[in-house]
file protein10.cif (mmCIF, C-alpha atoms)
data_work
loop_
_atom_site.label_atom_id
_atom_site.label_comp_id
_atom_site.auth_asym_id
_atom_site.auth_seq_id
_atom_site.Cartn_x
_atom_site.Cartn_y
_atom_site.Cartn_z
CA MET A 1 0.00 0.00 0.00
CA GLU A 2 2.81 2.41 0.83
CA ASN A 3 4.32 2.18 -2.67
CA SER A 4 1.01 2.60 -4.47
CA ASN A 5 0.31 5.70 -6.54
CA ALA A 6 -3.45 5.37 -6.29
CA ALA A 7 -5.30 8.66 -5.93
CA ARG A 8 -7.81 9.46 -3.20
CA THR A 9 -10.14 12.38 -2.62
CA ASP A 10 -9.84 13.90 0.86
CA ASN A 11 -12.49 15.65 2.95
CA SER A 12 -11.96 18.99 1.20
CA GLY A 13 -12.40 17.48 -2.27
CA GLU A 14 -8.70 17.66 -3.20
CA THR A 15 -6.97 14.69 -4.78
CA LEU A 16 -3.77 13.43 -3.14
CA ARG A 17 -1.32 10.84 -4.36
CA GLN A 18 0.44 8.20 -2.30
CA SER A 19 3.87 9.79 -2.66
CA GLU A 20 2.83 13.24 -1.42
CA CYS A 21 3.86 14.68 1.92
CA VAL A 22 0.66 15.43 3.83
CA LEU A 23 2.17 16.64 7.12
CA SER A 24 5.50 18.19 7.98
CA LEU A 25 7.06 19.89 10.98
CA GLU A 26 9.70 22.53 10.25
CA ASP A 27 11.85 23.70 13.18
CA LEU A 28 8.91 23.40 15.57
CA LYS A 29 9.44 24.93 19.01
CA THR A 30 7.03 24.39 21.90
CA HIS A 31 7.97 25.94 25.23
CA PHE A 32 6.52 25.99 28.75
CA ILE A 33 6.97 28.61 31.45
CA THR A 34 7.50 26.94 34.83
CA ARG A 35 8.67 28.01 38.26
CA GLU A 36 12.11 26.63 37.46
CA GLY A 37 12.30 28.63 34.24
CA LEU A 38 11.76 28.13 30.51
CA VAL A 39 11.33 24.52 29.39
CA LYS A 40 11.98 23.79 25.72
CA ALA A 41 9.88 20.64 25.45
CA VAL A 42 10.15 20.64 21.65
CA ASP A 43 13.17 22.42 20.22
CA GLU A 44 13.64 22.83 16.46
CA VAL A 45 11.98 19.52 15.60
CA SER A 46 11.54 18.69 11.92
CA TYR A 47 10.07 15.59 10.29
CA HIS A 48 7.50 14.75 7.64
CA LEU A 49 4.77 12.18 7.05
CA ASP A 50 3.99 10.95 3.55
CA ARG A 51 0.60 9.93 2.21
CA GLY A 52 -0.34 6.45 3.47
CA GLU A 53 2.90 5.67 5.36
CA THR A 54 3.57 4.93 9.02
CA LEU A 55 6.22 7.07 10.70
CA GLY A 56 7.49 5.97 14.10
CA VAL A 57 8.60 8.49 16.74
CA VAL A 58 10.55 6.92 19.61
CA GLY A 59 12.42 8.05 22.71
CA GLU A 60 12.36 7.94 26.50
CA SER A 61 9.54 9.50 28.48
CA GLY A 62 9.82 13.28 28.50
CA CYS A 63 11.68 13.56 25.21
CA GLY A 64 8.93 15.63 23.55
CA LYS A 65 7.15 13.01 21.45
CA SER A 66 3.66 13.68 22.76
CA VAL A 67 4.11 17.45 23.07
CA ALA A 68 5.03 17.62 19.38
CA ALA A 69 1.90 15.61 18.53
CA LEU A 70 -0.32 17.86 20.65
CA SER A 71 1.26 20.86 18.96
CA ILE A 72 0.13 19.53 15.58
CA LEU A 73 -3.49 19.77 16.74
CA ARG A 74 -2.79 22.97 18.70
CA LEU A 75 -3.88 21.36 21.95
CA ILE A 76 -1.06 22.86 24.04
CA PRO A 77 -2.56 24.60 27.11
CA GLN A 78 -1.80 28.31 26.99
CA PRO A 79 -0.54 29.27 29.51
CA PRO A 80 1.82 27.74 30.55
CA GLY A 81 2.61 26.39 27.09
CA LYS A 82 3.28 28.18 23.82
CA ILE A 83 4.19 27.17 20.29
CA ALA A 84 7.16 29.53 20.06
CA GLY A 85 8.27 29.04 16.47
CA GLY A 86 8.49 26.95 13.35
CA LYS A 87 5.82 25.66 11.00
CA ILE A 88 3.36 22.77 10.92
CA LEU A 89 2.32 22.21 7.32
CA PHE A 90 -0.74 20.14 6.45
CA LYS A 91 -1.03 19.73 2.68
CA GLY A 92 1.25 22.75 2.36
CA ARG A 93 -0.83 25.02 4.62
CA ASN A 94 0.59 26.23 7.92
CA ILE A 95 -1.69 25.01 10.72
CA LEU A 96 -0.30 27.64 13.08
CA SER A 97 -1.85 30.39 10.94
CA LEU A 98 -5.39 28.95 11.02
CA ALA A 99 -8.20 30.53 13.03
CA GLU A 100 -9.64 28.47 15.88
CA ARG A 101 -12.81 27.77 13.90
CA GLU A 102 -10.69 26.34 11.08
CA MET A 103 -8.76 24.21 13.60
CA GLN A 104 -12.01 22.81 14.98
CA ALA A 105 -12.94 21.73 11.46
CA LEU A 106 -9.52 20.12 11.04
CA ARG A 107 -9.38 18.19 14.33
CA GLY A 108 -11.02 14.79 14.10
CA ASN A 109 -11.78 15.32 10.43
CA ASP A 110 -8.49 15.56 8.49
CA ILE A 111 -6.21 14.84 11.46
CA SER A 112 -7.28 12.56 14.33
CA MET A 113 -5.50 11.39 17.46
CA ILE A 114 -5.63 8.30 19.64
CA PHE A 115 -4.64 9.42 23.14
CA GLN A 116 -2.59 7.37 25.60
CA GLU A 117 -5.23 6.46 28.17
CA PRO A 118 -8.63 5.48 26.73
CA MET A 119 -10.28 5.42 30.15
CA THR A 120 -9.40 9.06 30.80
CA SER A 121 -9.95 10.13 27.19
CA LEU A 122 -13.47 8.73 26.98
CA ASN A 123 -16.25 10.61 28.78
CA PRO A 124 -17.55 8.34 31.58
CA VAL A 125 -21.10 9.81 31.54
CA LEU A 126 -21.74 9.47 27.79
CA THR A 127 -22.45 6.23 25.95
CA ILE A 128 -20.03 4.88 23.39
CA GLY A 129 -22.52 5.67 20.64
CA GLN A 130 -22.87 9.30 21.72
CA GLN A 131 -19.11 9.81 21.78
CA ILE A 132 -18.41 8.29 18.37
CA SER A 133 -21.41 9.87 16.64
CA GLU A 134 -20.65 13.37 17.95
CA SER A 135 -17.70 13.95 15.62
CA ILE A 136 -19.54 12.27 12.73
CA ARG A 137 -22.46 14.67 13.07
CA LEU A 138 -20.14 17.67 13.51
CA HIS A 139 -17.80 17.01 10.59
CA MET A 140 -19.90 14.99 8.15
CA GLY A 141 -23.33 16.57 8.72
CA TYR A 142 -25.10 13.27 9.40
CA SER A 143 -28.43 13.08 11.20
CA ARG A 144 -28.47 11.51 14.66
CA LYS A 145 -29.73 8.17 13.31
CA ASP A 146 -27.28 8.09 10.40
CA ALA A 147 -24.40 9.02 12.73
CA LEU A 148 -25.27 6.14 15.05
CA ASP A 149 -25.43 3.79 12.07
CA ARG A 150 -22.00 5.01 11.02
CA ALA A 151 -20.74 4.51 14.59
CA ALA A 152 -21.98 0.91 14.50
CA GLU A 153 -20.13 0.40 11.20
CA MET A 154 -16.94 1.71 12.78
CA LEU A 155 -17.26 -0.63 15.77
CA THR A 156 -17.69 -3.50 13.33
CA LEU A 157 -14.63 -2.29 11.42
CA VAL A 158 -12.49 -2.43 14.57
CA LYS A 159 -13.85 -5.92 15.32
CA ILE A 160 -15.94 -5.17 18.38
CA PRO A 161 -18.66 -7.83 18.73
CA GLU A 162 -22.32 -6.86 19.14
CA PRO A 163 -21.79 -3.26 18.00
CA LEU A 164 -25.42 -2.17 18.47
CA ARG A 165 -25.26 -3.26 22.09
CA ARG A 166 -21.91 -1.55 22.65
CA LEU A 167 -23.31 1.74 21.38
CA ARG A 168 -25.60 1.85 24.42
CA GLU A 169 -22.88 0.98 26.93
CA TYR A 170 -20.55 3.25 28.89
CA PRO A 171 -16.72 3.15 28.92
CA HIS A 172 -16.56 1.36 32.31
CA HIS A 173 -18.50 -1.55 30.81
CA LEU A 174 -15.62 -2.32 28.43
CA SER A 175 -12.19 -3.87 28.92
CA GLY A 176 -9.00 -1.94 28.24
CA GLY A 177 -8.56 -3.50 24.81
CA MET A 178 -12.18 -2.77 23.87
CA ARG A 179 -11.85 0.86 24.98
CA GLN A 180 -8.74 1.21 22.84
CA ARG A 181 -10.67 -0.15 19.85
CA VAL A 182 -13.40 2.41 20.56
CA MET A 183 -10.76 5.16 20.50
CA ILE A 184 -9.51 3.89 17.15
CA ALA A 185 -13.07 3.73 15.80
CA MET A 186 -13.70 7.30 16.97
CA ALA A 187 -10.45 8.56 15.45
CA LEU A 188 -11.14 6.91 12.08
CA SER A 189 -14.86 7.65 11.89
CA CYS A 190 -14.38 10.62 9.52
CA GLU A 191 -11.66 8.85 7.49
CA PRO A 192 -8.83 11.29 8.31
CA LEU A 193 -5.75 11.67 6.15
CA VAL A 194 -3.51 11.58 9.24
CA LEU A 195 -3.90 9.50 12.40
CA ILE A 196 -1.70 10.32 15.39
CA ALA A 197 -1.40 7.26 17.64
CA ASP A 198 0.14 8.24 20.99
CA GLU A 199 1.21 5.05 22.79
CA PRO A 200 -1.83 3.13 21.45
CA THR A 201 -0.87 -0.10 23.25
CA THR A 202 0.03 1.32 26.68
CA ALA A 203 -1.09 -0.87 29.62
CA LEU A 204 -2.40 -3.62 27.34
CA ASP A 205 -1.23 -7.22 27.64
CA VAL A 206 0.85 -8.59 24.79
CA THR A 207 -2.02 -10.51 23.18
CA ILE A 208 -4.31 -7.47 23.00
CA GLN A 209 -1.34 -5.32 21.96
CA ALA A 210 -0.70 -7.57 18.97
CA GLN A 211 -4.37 -7.43 18.00
CA ILE A 212 -4.46 -3.63 18.20
CA LEU A 213 -1.32 -3.26 16.06
CA GLU A 214 -2.63 -5.73 13.49
CA LEU A 215 -5.91 -3.83 13.41
CA MET A 216 -4.18 -0.49 12.79
CA VAL A 217 -2.15 -1.95 9.92
CA GLU A 218 -5.31 -3.40 8.36
CA LEU A 219 -7.20 -0.13 8.68
CA LYS A 220 -4.31 1.86 7.22
CA GLU A 221 -4.25 -0.40 4.18
CA LYS A 222 -8.03 -0.23 3.81
CA LEU A 223 -8.49 3.52 4.34
CA GLY A 224 -5.13 4.83 3.12
CA THR A 225 -4.55 6.84 6.29
CA ALA A 226 -1.04 8.02 7.19
CA ILE A 227 -0.10 7.10 10.76
CA LEU A 228 2.21 8.91 13.16
CA MET A 229 3.07 6.17 15.67
CA ILE A 230 4.42 7.55 18.96
CA THR A 231 5.90 4.98 21.33
CA HIS A 232 8.87 4.02 23.48
CA ASP A 233 8.53 0.38 22.35
CA LEU A 234 10.97 -0.41 19.56
CA GLY A 235 9.18 -3.70 18.91
CA VAL A 236 6.04 -1.79 17.95
CA ILE A 237 8.07 0.36 15.56
CA ALA A 238 9.75 -2.65 13.95
CA GLU A 239 6.36 -4.21 13.30
CA THR A 240 4.42 -1.23 12.00
CA ALA A 241 6.59 1.67 10.76
CA ARG A 242 8.40 2.41 7.52
CA ARG A 243 10.58 5.24 8.83
CA VAL A 244 11.71 6.17 12.35
CA VAL A 245 12.47 9.45 14.11
CA VAL A 246 14.43 9.18 17.37
CA MET A 247 14.00 12.03 19.86
CA TYR A 248 16.04 12.94 22.92
CA ALA A 249 15.54 15.91 25.28
CA GLY A 250 13.22 17.75 22.92
CA ARG A 251 15.22 17.27 19.73
CA VAL A 252 15.46 14.77 16.88
CA VAL A 253 18.81 12.97 17.02
CA GLU A 254 18.38 10.39 14.23
CA GLU A 255 16.03 9.68 11.35
CA ALA A 256 16.15 6.65 9.06
CA PRO A 257 14.11 3.93 7.37
CA VAL A 258 13.31 1.11 9.80
CA ASP A 259 15.71 -1.41 8.25
CA MET A 260 18.60 1.05 8.30
CA LEU A 261 17.96 2.16 11.87
CA PHE A 262 17.76 -1.37 13.27
CA GLY A 263 20.57 -2.69 11.07
CA ASP A 264 23.00 0.22 11.28
CA PRO A 265 22.15 2.75 14.05
CA ARG A 266 24.50 5.72 14.13
CA HIS A 267 23.63 7.84 17.17
CA PRO A 268 24.97 6.50 20.49
CA TYR A 269 21.53 7.04 22.03
CA THR A 270 19.84 4.93 19.35
CA MET A 271 22.49 2.26 19.84
CA GLY A 272 21.79 2.28 23.56
CA LEU A 273 18.04 1.91 23.01
CA LEU A 274 18.50 -1.04 20.68
CA ALA A 275 21.06 -2.71 22.95
CA SER A 276 18.63 -2.56 25.88
CA VAL A 277 16.00 -4.63 24.05
CA PRO A 278 16.06 -8.38 24.87
CA ARG A 279 17.03 -10.58 21.90
CA LEU A 280 15.47 -14.02 22.05
CA ASP A 281 17.65 -15.33 19.22
CA ARG A 282 20.84 -14.50 21.13
CA SER A 283 19.70 -15.57 24.60
CA ALA A 284 18.49 -18.93 23.27
CA LEU A 285 21.97 -19.70 21.93
CA ALA A 286 23.92 -18.49 24.94
CA ALA A 287 24.78 -20.93 27.71
CA ARG A 288 24.70 -18.04 30.18
CA PRO A 289 22.60 -15.10 28.91
CA ALA A 290 24.37 -11.78 29.17
CA ARG A 291 23.03 -8.97 31.29
CA LEU A 292 20.93 -6.47 29.38
CA SER A 293 22.74 -3.31 28.38
CA GLU A 294 21.62 -0.01 29.86
CA ILE A 295 22.07 3.68 29.11
CA LYS A 296 23.83 5.03 32.16
CA GLY A 297 22.62 8.22 33.80
CA ILE A 298 19.25 9.93 33.45
CA VAL A 299 17.57 12.21 30.94
CA PRO A 300 18.59 15.80 31.76
CA SER A 301 16.04 18.24 33.12
CA LEU A 302 14.70 20.35 30.25
CA HIS A 303 15.25 23.57 32.18
CA GLU A 304 18.88 22.66 32.93
CA LEU A 305 20.12 21.20 29.66
CA PRO A 306 23.87 20.65 29.33
CA LYS A 307 25.95 22.75 27.00
CA GLY A 308 26.75 21.11 23.68
CA CYS A 309 25.19 17.74 22.81
CA PHE A 310 22.37 16.97 25.24
CA PHE A 311 23.34 13.28 25.28
CA ALA A 312 27.03 13.94 25.98
CA PRO A 313 26.86 13.39 29.79
CA ARG A 314 25.56 9.85 29.16
CA CYS A 315 27.55 9.06 26.00
CA PRO A 316 30.60 6.74 26.23
CA HIS A 317 32.12 8.38 23.13
CA ALA A 318 31.78 12.04 24.19
CA ASP A 319 34.81 14.35 24.31
CA ALA A 320 35.40 18.10 24.72
CA ARG A 321 33.89 18.85 21.32
CA CYS A 322 30.64 17.13 22.30
CA HIS A 323 30.44 19.16 25.51
CA SER A 324 31.08 22.50 23.79
CA GLY A 325 28.75 22.56 20.76
CA TYR A 326 25.55 20.87 19.57
CA PRO A 327 26.38 18.60 16.61
CA LEU A 328 25.36 19.36 13.04
CA TRP A 329 23.35 16.91 10.95
CA ASP A 330 25.39 14.19 9.21
CA GLN A 331 23.75 12.63 6.16
CA ILE A 332 24.94 9.02 6.36
CA ARG A 333 23.06 7.92 3.25
CA PRO A 334 19.85 8.99 1.48
CA GLY A 335 17.06 9.03 4.05
CA HIS A 336 19.41 8.42 7.01
CA LYS A 337 20.71 11.38 9.01
CA VAL A 338 22.08 11.75 12.52
CA ALA A 339 23.02 14.61 14.86
CA CYS A 340 26.38 13.36 16.17
CA TRP A 341 29.96 14.61 15.72
CA TYR A 342 31.35 11.06 15.60
CA SER A 343 28.64 8.99 13.87
CA ARG A 344 31.18 7.75 11.29
CA GLN A 345 34.17 7.29 13.60
CA ILE A 346 32.12 5.15 15.99
CA LYS A 347 31.54 2.73 13.11
CA GLY A 348 35.20 2.92 12.08
CA GLU A 349 34.48 4.64 8.75
CA ALA A 350 36.63 7.76 9.09
#
call {"tool": "encode", "arguments": {"input": "protein10.cif", "output": "structure tokens"}}
result
Amino acid sequence: MENSNAARTDNSGETLRQSECVLSLEDLKTHFITREGLVKAVDEVSYHLDRGETLGVVGESGCGKSVAALSILRLIPQPPGKIAGGKILFKGRNILSLAEREMQALRGNDISMIFQEPMTSLNPVLTIGQQISESIRLHMGYSRKDALDRAAEMLTLVKIPEPLRRLREYPHHLSGGMRQRVMIAMALSCEPLVLIADEPTTALDVTIQAQILELMVELKEKLGTAILMITHDLGVIAETARRVVVMYAGRVVEEAPVDMLFGDPRHPYTMGLLASVPRLDRSALAARPARLSEIKGIVPSLHELPKGCFFAPRCPHADARCHSGYPLWDQIRPGHKVACWYSRQIKGEA
């Protein structure tokens, strides 16, 4: 599906092709004013999402993944937050320049989001049917009956049994996996061009997690929706994404196609993340399994960032140059770039 050039008409009547970039961030900056000072939660972040692809965004908690996603929909609370600079382009149009009424038409219609916690994201006093049909009526102009029929279709699409019964139930009647499927149904009900999935498998057991990921892949292929997959789980990225963006302390430190990133990581932080993942193929062959690798130290506080490379205090390869200046981008190969002074020397290339 990702290599197809089939055309599709979006909600505004425009025709897009598979290869087009539908969403891009250009030097996005999102800051928060706190008692400790200015926090640069997202600092000059740039990446793009092509029509119908899945882009993975990974990194430790607090690295800015979710704040960047909320910035796309302009859901940053002001104050204390503020989108301080950069551009967010949707089909070439800067979202940051839109009026609030235009943003309301965009949210849930062209760009939808699956939030981390379905139990807190769903309204406990409204039925499932009311919550799904609300956006359908708002964005698609359906009558109440037609919107409920559409909601039932969406529940069937996400493989929830007895959809008509579920429409009358409340969130607390459903299991965690079922609530997550409801969130996916709600997000896809208006057939958006972009779906932002923020930790869509958090707190789910591995069996339900696998079902949710399989479901998202199926729906992407069926509806042609581009997915921005935000997670700290590299296994999820390996299974679902085509390209990966690695973030650390509010910045992007590496970007590459999935195969390149897993096969030849270049940033020491990315290497540390991959080394900390258990490998069943290696442990099964070893007489005495080795201890899992770890990234020493902790993520720096965003209001007290170190001078130079933010990862330098934790990096085994860092020297005076790393501590004095933030590294420039190094284009390793087409589609693979890394912000590290020694990305080539670490691999013994130069």
call {"tool": "residues_around", "arguments": {"input": "protein10.cif", "residues": "Ala152 of chain A", "least_positions_apart": "4", "cutoff": "7 Å", "atoms": "only C-alpha atoms", "output": "list in words"}}
result
Leu148, Thr156, Pro163 and Leu164 of chain A
call {"tool": "write_last_selection", "arguments": {"input": "protein10.cif", "atoms": "C-alpha atoms", "output": "mmCIF file, keeping the file's coordinate frame"}}
result
data_model
loop_
_atom_site.group_PDB
_atom_site.id
_atom_site.type_symbol
_atom_site.label_atom_id
_atom_site.label_comp_id
_atom_site.auth_asym_id
_atom_site.auth_seq_id
_atom_site.Cartn_x
_atom_site.Cartn_y
_atom_site.Cartn_z
ATOM 1 C CA LEU A 148 -25.270 6.140 15.050
ATOM 2 C CA THR A 156 -17.690 -3.500 13.330
ATOM 3 C CA PRO A 163 -21.790 -3.260 18.000
ATOM 4 C CA LEU A 164 -25.420 -2.170 18.470
#
call {"tool": "resolve_selection", "arguments": {"input": "protein10.cif", "expression": "the PyMOL selection byres ((chain A and resi 223) around 10)", "output": "list in words"}}
result
Arg8, Gly52, Leu188, Glu191, Pro192, Leu193, Glu218, Leu219, Lys220, Glu221, Lys222, Gly224, Thr225 and Ala226 of chain A
call {"tool": "resolve_selection", "arguments": {"input": "protein10.cif", "expression": "the PyMOL selection byres ((chain A and resi 196) around 7)", "output": "number ranges by chain"}}
result
A: 112-114, 194-195, 197-198, 227-229
call {"tool": "closest_atom_pairs", "arguments": {"input": "protein10.cif", "of": "segment 48-77 of chain A", "to": "segment 34-43 of chain A", "cutoff": "8 Å", "atoms": "all atoms listed in the file", "output": "CSV"}}
result
residue,atom,partner,partner_atom,distance
A:Gly62,CA,A:Ala41,CA,8.0
A:Cys63,CA,A:Ala41,CA,7.3
A:Gly64,CA,A:Ala41,CA,5.4
A:Val67,CA,A:Val42,CA,7.0
A:Ala68,CA,A:Val42,CA,6.4
call {"tool": "resolve_selection", "arguments": {"input": "protein10.cif", "expression": "the PyMOL selection byres ((chain A and resi 266) around 10)", "output": "ChimeraX atom specification"}}
result
/A:253-256,260-265,267-271,330,332,336-340,342-347
call {"tool": "residues_around", "arguments": {"input": "protein10.cif", "residues": "Met183 of chain A", "least_positions_apart": "6", "cutoff": "9 Å", "atoms": "only C-alpha atoms", "output": "ChimeraX atom specification"}}
result
/A:113-115,118,121-122,132
call {"tool": "atom_distance", "arguments": {"input": "protein10.cif", "atom1": "atom CA of Pro306 of chain A", "atom2": "atom CA of Val244 of chain A"}}
result
25.4 Å
call {"tool": "atom_distance", "arguments": {"input": "protein10.cif", "atom1": "atom CA of Val258 of chain A", "atom2": "atom CA of Ala238 of chain A"}}
result
6.6 Å
call {"tool": "atom_distance", "arguments": {"input": "protein10.cif", "atom1": "atom CA of Leu213 of chain A", "atom2": "atom CA of Leu89 of chain A"}}
result
27.2 Å
call {"tool": "closest_residue", "arguments": {"input": "protein10.cif", "among": "A:Ala249, A:Leu28, A:Ile111, A:Leu73", "to": "Val58 of chain A", "atoms": "all atoms listed in the file"}}
result
A:Ala249
call {"tool": "closest_residue", "arguments": {"input": "protein10.cif", "among": "A:Val252, A:Ala241, A:Ile184, A:Ala99", "to": "Leu25 of chain A", "atoms": "all atoms listed in the file"}}
result
A:Val252
call {"tool": "residues_around", "arguments": {"input": "protein10.cif", "residues": "Leu138 of chain A", "least_positions_apart": "6", "cutoff": "10 Å", "atoms": "all atoms listed in the file", "output": "ChimeraX atom specification"}}
result
/A:104-105,108-109,147,190
call {"tool": "axis_aligned_box", "arguments": {"input": "protein10.cif", "around": "segment 157-170 of chain A", "padding_each_side": "6 Å", "output": "AutoDock Vina command-line options"}}
result
--center_x -19.0 --center_y -2.3 --center_z 20.2 --size_x 25.1 --size_y 23.1 --size_z 29.5
call {"tool": "residues_around", "arguments": {"input": "protein10.cif", "residues": "Val125 of chain A", "least_positions_apart": "6", "cutoff": "10 Å", "atoms": "all atoms listed in the file", "output": "list in words"}}
result
Gln131, Tyr170, Pro171 and His172 of chain A
call {"tool": "build_atoms", "arguments": {"input": "protein10.cif", "residues": "segment 81-101 of chain A", "atoms": "N, CA, C and O atoms", "output": "JSON list (two decimals), in the frame of the given file"}}
result
[["chain", "number", "residue", "atom", "x", "y", "z"],
["A", 81, "GLY", "N", 1.92, 26.76, 28.31],
["A", 81, "GLY", "CA", 2.61, 26.39, 27.09],
["A", 81, "GLY", "C", 2.46, 27.41, 25.99],
["A", 81, "GLY", "O", 1.58, 28.28, 26.02],
["A", 82, "LYS", "N", 3.33, 27.29, 24.98],
["A", 82, "LYS", "CA", 3.28, 28.18, 23.82],
["A", 82, "LYS", "C", 4.06, 27.57, 22.68],
["A", 82, "LYS", "O", 5.17, 27.06, 22.87],
["A", 83, "ILE", "N", 3.45, 27.57, 21.49],
["A", 83, "ILE", "CA", 4.19, 27.17, 20.29],
["A", 83, "ILE", "C", 5.00, 28.39, 19.88],
["A", 83, "ILE", "O", 4.46, 29.38, 19.38],
["A", 84, "ALA", "N", 6.31, 28.34, 20.14],
["A", 84, "ALA", "CA", 7.16, 29.53, 20.06],
["A", 84, "ALA", "C", 7.75, 29.78, 18.68],
["A", 84, "ALA", "O", 8.29, 30.87, 18.45],
["A", 85, "GLY", "N", 7.67, 28.82, 17.79],
["A", 85, "GLY", "CA", 8.27, 29.04, 16.47],
["A", 85, "GLY", "C", 8.15, 27.84, 15.57],
["A", 85, "GLY", "O", 7.70, 26.77, 15.99],
["A", 86, "GLY", "N", 8.54, 28.02, 14.33],
["A", 86, "GLY", "CA", 8.49, 26.95, 13.35],
["A", 86, "GLY", "C", 7.18, 26.91, 12.59],
["A", 86, "GLY", "O", 6.34, 27.81, 12.71],
["A", 87, "LYS", "N", 7.02, 25.85, 11.80],
["A", 87, "LYS", "CA", 5.82, 25.66, 11.00],
["A", 87, "LYS", "C", 5.30, 24.24, 11.14],
["A", 87, "LYS", "O", 6.09, 23.30, 11.35],
["A", 88, "ILE", "N", 3.99, 24.09, 11.02],
["A", 88, "ILE", "CA", 3.36, 22.77, 10.92],
["A", 88, "ILE", "C", 2.51, 22.81, 9.66],
["A", 88, "ILE", "O", 1.47, 23.47, 9.62],
["A", 89, "LEU", "N", 2.97, 22.14, 8.61],
["A", 89, "LEU", "CA", 2.32, 22.21, 7.32],
["A", 89, "LEU", "C", 1.46, 20.98, 7.08],
["A", 89, "LEU", "O", 1.95, 19.85, 7.13],
["A", 90, "PHE", "N", 0.17, 21.21, 6.83],
["A", 90, "PHE", "CA", -0.74, 20.14, 6.45],
["A", 90, "PHE", "C", -1.19, 20.40, 5.03],
["A", 90, "PHE", "O", -1.84, 21.41, 4.74],
["A", 91, "LYS", "N", -0.79, 19.53, 4.11],
["A", 91, "LYS", "CA", -1.03, 19.73, 2.68],
["A", 91, "LYS", "C", -0.53, 21.09, 2.22],
["A", 91, "LYS", "O", -1.16, 21.77, 1.41],
["A", 92, "GLY", "N", 0.62, 21.51, 2.77],
["A", 92, "GLY", "CA", 1.25, 22.75, 2.36],
["A", 92, "GLY", "C", 0.75, 23.99, 3.08],
["A", 92, "GLY", "O", 1.30, 25.07, 2.89],
["A", 93, "ARG", "N", -0.27, 23.87, 3.92],
["A", 93, "ARG", "CA", -0.83, 25.02, 4.62],
["A", 93, "ARG", "C", -0.40, 25.01, 6.08],
["A", 93, "ARG", "O", -0.48, 23.98, 6.74],
["A", 94, "ASN", "N", 0.07, 26.15, 6.57],
["A", 94, "ASN", "CA", 0.59, 26.23, 7.92],
["A", 94, "ASN", "C", -0.56, 26.22, 8.94],
["A", 94, "ASN", "O", -1.36, 27.16, 9.02],
["A", 95, "ILE", "N", -0.64, 25.15, 9.72],
["A", 95, "ILE", "CA", -1.69, 25.01, 10.72],
["A", 95, "ILE", "C", -1.64, 26.13, 11.75],
["A", 95, "ILE", "O", -2.68, 26.56, 12.26],
["A", 96, "LEU", "N", -0.44, 26.62, 12.05],
["A", 96, "LEU", "CA", -0.30, 27.64, 13.08],
["A", 96, "LEU", "C", -0.94, 28.97, 12.68],
["A", 96, "LEU", "O", -1.16, 29.83, 13.54],
["A", 97, "SER", "N", -1.24, 29.14, 11.39],
["A", 97, "SER", "CA", -1.85, 30.39, 10.94],
["A", 97, "SER", "C", -3.37, 30.31, 10.86],
["A", 97, "SER", "O", -4.04, 31.30, 10.54],
["A", 98, "LEU", "N", -3.95, 29.13, 11.14],
["A", 98, "LEU", "CA", -5.39, 28.95, 11.02],
["A", 98, "LEU", "C", -6.13, 29.56, 12.21],
["A", 98, "LEU", "O", -5.63, 29.56, 13.33],
["A", 99, "ALA", "N", -7.32, 30.07, 11.95],
["A", 99, "ALA", "CA", -8.20, 30.53, 13.03],
["A", 99, "ALA", "C", -8.71, 29.33, 13.80],
["A", 99, "ALA", "O", -8.72, 28.20, 13.31],
["A", 100, "GLU", "N", -9.18, 29.56, 15.04],
["A", 100, "GLU", "CA", -9.64, 28.47, 15.88],
["A", 100, "GLU", "C", -10.81, 27.72, 15.25],
["A", 100, "GLU", "O", -10.92, 26.51, 15.36],
["A", 101, "ARG", "N", -11.68, 28.43, 14.56],
["A", 101, "ARG", "CA", -12.81, 27.77, 13.90],
["A", 101, "ARG", "C", -12.31, 26.81, 12.81],
["A", 101, "ARG", "O", -12.86, 25.71, 12.65]]
